[in-house]
Each structure stands twice: as C-alpha cells, then as structure tokens.
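Below is one structure, written out as structure tokens, with a few remarks after it.
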There are 2 protein chains.
Amino acid sequence: MSDAAKKKEDILQPTDDEARALVHELMARADYAAIAALDPATGHPLASRVALALDEDGTPVILTSKLAAHTPAIEADGRCSLLVGEPGMIKEAKGDPLTHPRLTVIAEAERVAHDSDMHARLRERWLVRHPKSKLYIDFPDFAFFRLAPLRGSLNGGFGKAYELTPSDMLSAKA
Amino acid sequence: MSDAAKKKEDILQPTDDEARALVHELMARADYAAIAALDPATGHPLASRVALALDEDGTPVILTSKLAAHTPAIEADGRCSLLVGEPGMIKEAKGDPLTHPRLTVIAEAERVAHDSDMHARLRERWLVRHPKSKLYIDFPDFAFFRLAPLRGSLNGGFGKAYELTPSDMLSAKA
C-alpha cells in the first residue's frame, strides 16, 4: 500500500448517525450547488452552478434551461456529480473554506417528463424552495432532472472523510 | 436552427472590456472554487472544492493533497474545469444565486514539479493568498497544479452570457 493510500485509510471515518445528520443538513439547506457534467462534444468535464431542491425521498432535483451548458450534457450522458455545502452554511465552521464541511454526490441524472405526476410533485416542492422561479418554471425550455445518488463522500475538513452509500444520503422517512 | 439554439444566440453578448473586468474580478477575489474532473476508474465527472490562487499571468493555480479525489483524477487526465464566483462575492448582485455572476473555466491541469523555479514562485504567491496553508504547504503529498485555460464562459445572470478565450481570462499585464 502506498503512503497516500495508507494515509487515506487513516482519515476515512466510519459513517455514523452524526455524519448522516450533517449530510442531511447540507442537502436540506443548499439552495444551489456546483454540478460536474461531461461536455457532449469533447468529453471534457464542465463545472457550473445549479439551483437545488430535494424530492420527497431526499433525491436531489435541479430545474435547468436548455441554454445552460450542463443541460445538453446530462441529456447526452446522465453521469454527473454535485458539490453541496457552501462555506458559511454551517454556522459552527469558521476560517479556511477547506475546513468547512461539503459533500460530493455522485449521481445519474434522469429527466422528468413534463406531463408526469412526478413533474407536478416536483414543481410544487420547487416553488416552496425557490418562490422566485415562478417567473420561468413553466417555460418550455426548462426541465426538472432527478439526480439519483450512486455514492458520495463527505469531507468534514482535514483528516475527516466519510464514504457514503445512497441510503446515507436519502431521507430516512422515504 | 432549433428554438433553443436561436435563443442561445440571442443571449450571447459580445465579450467587451466590462465583461473581461468582471472575469478578472471574479478570478482575483475567489479564494476557492468548485473543480470538475474525471474519475480515473470510471470516467464519471467529479465535483469537489479546491483552494485557488493565480499565477503572475492570471493562470488559476490549485494546491491539492494526494488524498483528495480530484488529485489522482487530474494526474491521470488533465481535463478539468473550475466554477468561480460564489453568490455574494460581487456586492452589487442580490437575490437569486442564479442571477449572480459566475465563471466556468475549461482548463488543462499541469502538475508543477516540487524542485522547479515555478514551484518556488507559486509557493510564495500562495502563502500571500492563503497564509494558513503554511501548516501543510510543504507536506510531500501536496502539489501545485496550474490550470491552463482553454476556453470559458461568463454567466452574468439570465439573458447575459459571454464566451471567453484564454486571453479574456489571463491578465493583460502578463
């Protein structure tokens, strides 16, 4: 085992209820996130900003326009990931932003059909979270995508890392 | 031309000095960013947080540990991108985070050799920007990467988008 692999094993903590509570707090409080997707023309990874909400089971949901670079990207290849947790979101965290907790969700994006029951449910939930979106939520070039979590990682600052399963990220009440 | 392509053409603005000034302000003020890189095992895009500084020509620079998921990713495949510009960074922007200006830098990561003049220069610049990093900057598992810009996009909010060349993003004084 390399020194780096050994050190990584040392900082990986068992995922406990406290870690899961922090994951749920980050996801519940994040109004937006960074998304990484694959440029359909080049395969180059793209980072951009998305607004965020959660479906009733805790699955991250985005509402995005065809004009945003990530939309054709996730339509062509659903593989994506979210970075959730802005510095300052958790009050207890101070100082260096790299010591503030943040979460990477590795996910597969699934477009939500406009005329589905799921769309009606997500539209209602979205408007509670993002009331100003009523100005554009029904534009035909906007669509919801559910980002089904495959795995994740929680970084609680130097020396504190957790690997996460989908059930660590989804709501217990689902 | 599709409706979406037509609409995209409508919102793309010519990149002028005002847009370049905003790009430089975002890059100069960002202490951290989201990075998108490719998981070397699966090709899945990964989003994570990095601390940021600029080389003397304005090239974005990151200092990263081998333990961070993005480090083996950009070592295996230098294609990456940065999302720069947190909501609230530019004082004039208020309200919906999706109307706050942000910048996507499409880049190629190049590792900086520890014993190079470039490393000495970046180490000095980094410590000015991130003084607390003196605690770990010389750890053997940390390395600098320069993220050479290939192209970029500035999103100034709904209906305002700019495509950027490398020279739009690098410092005029370089």
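We name chains A, B, ... following the order of the structure tokens; residues begin at 1 in each chain, and ligands are numbered from 1 as shown.
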
Please extract the residues of segment 13-110 of chain A with a backbone DSSP assignment of helix (DSSP H, G or I) and present them as a list in words.
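Residues meeting the helix (DSSP H, G or I) criterion: Asp17, Glu18, Ala19, Arg20, Ala21, Leu22, Val23, His24, Glu25, Leu26, Met27, Ala28, Arg29, His70, Thr71, Pro72, Ala73, Ile74, Glu75, Ala76, Pro97, Leu98 and Thr99 of chain A.
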
Write out, as CSV, each residue of chain B that has an atom at most 6 Å from chain A, together with the closest pair of atoms and their distance in Å to one decimal, counting only C-alpha atoms, rows going by chain and rising number.
residue,atom,partner,partner_atom,distance
B:Lys8,CA,A:Leu67,CA,5.8
B:Ala36,CA,A:Ala36,CA,5.2
B:Ala37,CA,A:Pro45,CA,5.7
B:His44,CA,A:Arg79,CA,5.9
B:Pro45,CA,A:Cys80,CA,5.5
B:Leu46,CA,A:Ser81,CA,5.5
B:Ala47,CA,A:Ala36,CA,5.3
B:Ser48,CA,A:Leu83,CA,5.7
B:Leu67,CA,A:Lys8,CA,5.8
B:Arg79,CA,A:His44,CA,5.9
B:Cys80,CA,A:Pro45,CA,5.5
B:Ser81,CA,A:Leu46,CA,5.5
B:Leu82,CA,A:Ala47,CA,5.8
B:Leu83,CA,A:Ala47,CA,5.4

Requested in this report: Quick one: everything within 6 Å of Arg151 of chain B, counting only C-alpha atoms, minus sequence neighbours fewer than 6 positions away in the same chain. Send it as number ranges by chain.
Outcome: B: 106, 164-166

Residues from last step as file, N, CA and C atoms, as a CSV table (one decimal), in the first residue's frame:
chain,number,residue,atom,x,y,z
B,106,ILE,N,-12.7,26.3,-18.6
B,106,ILE,CA,-12.4,25.0,-19.1
B,106,ILE,C,-10.9,24.9,-19.2
B,164,LEU,N,-15.6,33.0,-23.7
B,164,LEU,CA,-14.3,33.6,-23.4
B,164,LEU,C,-13.2,32.8,-24.0
B,165,THR,N,-12.2,33.6,-24.5
B,165,THR,CA,-10.9,32.9,-24.9
B,165,THR,C,-10.0,32.9,-23.8
B,166,PRO,N,-8.9,32.2,-23.9
B,166,PRO,CA,-7.8,32.2,-22.8
B,166,PRO,C,-7.4,33.7,-22.5

- Residues of segment 15-170 of chain A in strand (DSSP E) according to DSSP, as a ChimeraX atom specification? /A:32-38,45-54,60-65,79-84,102-111,142-155,161-164

Give me the residues within 10 Å of Thr59 of chain A as JSON, numbers by chain, counting only C-alpha atoms and dropping any in the same chain fewer than 4 places off.
{"A": [27, 53, 54, 55, 107, 146, 147, 148, 149, 166, 169, 170, 171, 174]}

Generate a file of the selected residues that holds C-alpha atoms, formatted as a short mmCIF file (atom, residue, chain, number, x, y, z; two decimals), in the first residue's frame.
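This went into part_7.cif:
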data_model
loop_
_atom_site.label_atom_id
_atom_site.label_comp_id
_atom_site.auth_asym_id
_atom_site.auth_seq_id
_atom_site.Cartn_x
_atom_site.Cartn_y
_atom_site.Cartn_z
CA MET A 27 -28.56 18.80 1.42
CA ALA A 53 -34.21 21.15 -4.17
CA LEU A 54 -34.95 17.67 -2.84
CA ASP A 55 -37.65 15.23 -3.85
CA ALA A 107 -25.25 10.69 -9.41
CA ARG A 146 -33.67 13.96 -10.61
CA LEU A 147 -30.05 13.19 -9.73
CA ALA A 148 -30.20 9.65 -8.35
CA PRO A 149 -27.26 9.20 -5.92
CA PRO A 166 -27.20 6.17 -1.45
CA MET A 169 -27.84 10.49 1.55
CA LEU A 170 -31.56 9.82 1.10
CA SER A 171 -34.13 10.70 3.77
CA ALA A 174 -38.67 7.90 2.47
#

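Closest approach to Ala41 of chain B among B:Ala73, B:Phe142, B:Ala113, B:Leu122 is made by B:Ala73 (distances from only C-alpha atoms).
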
Which residue out of B:Leu127, B:Leu154, B:Ile62, B:Ala143 has the minimum interatomic distance to Asp115 of chain B when only C-alpha atoms are used?
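The shortest atom-to-atom distance to Asp115 of chain B comes from B:Ala143.
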
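Atom CA of Asp39 of chain A is found 21.8 Å from atom CA of Gly152 of chain A.
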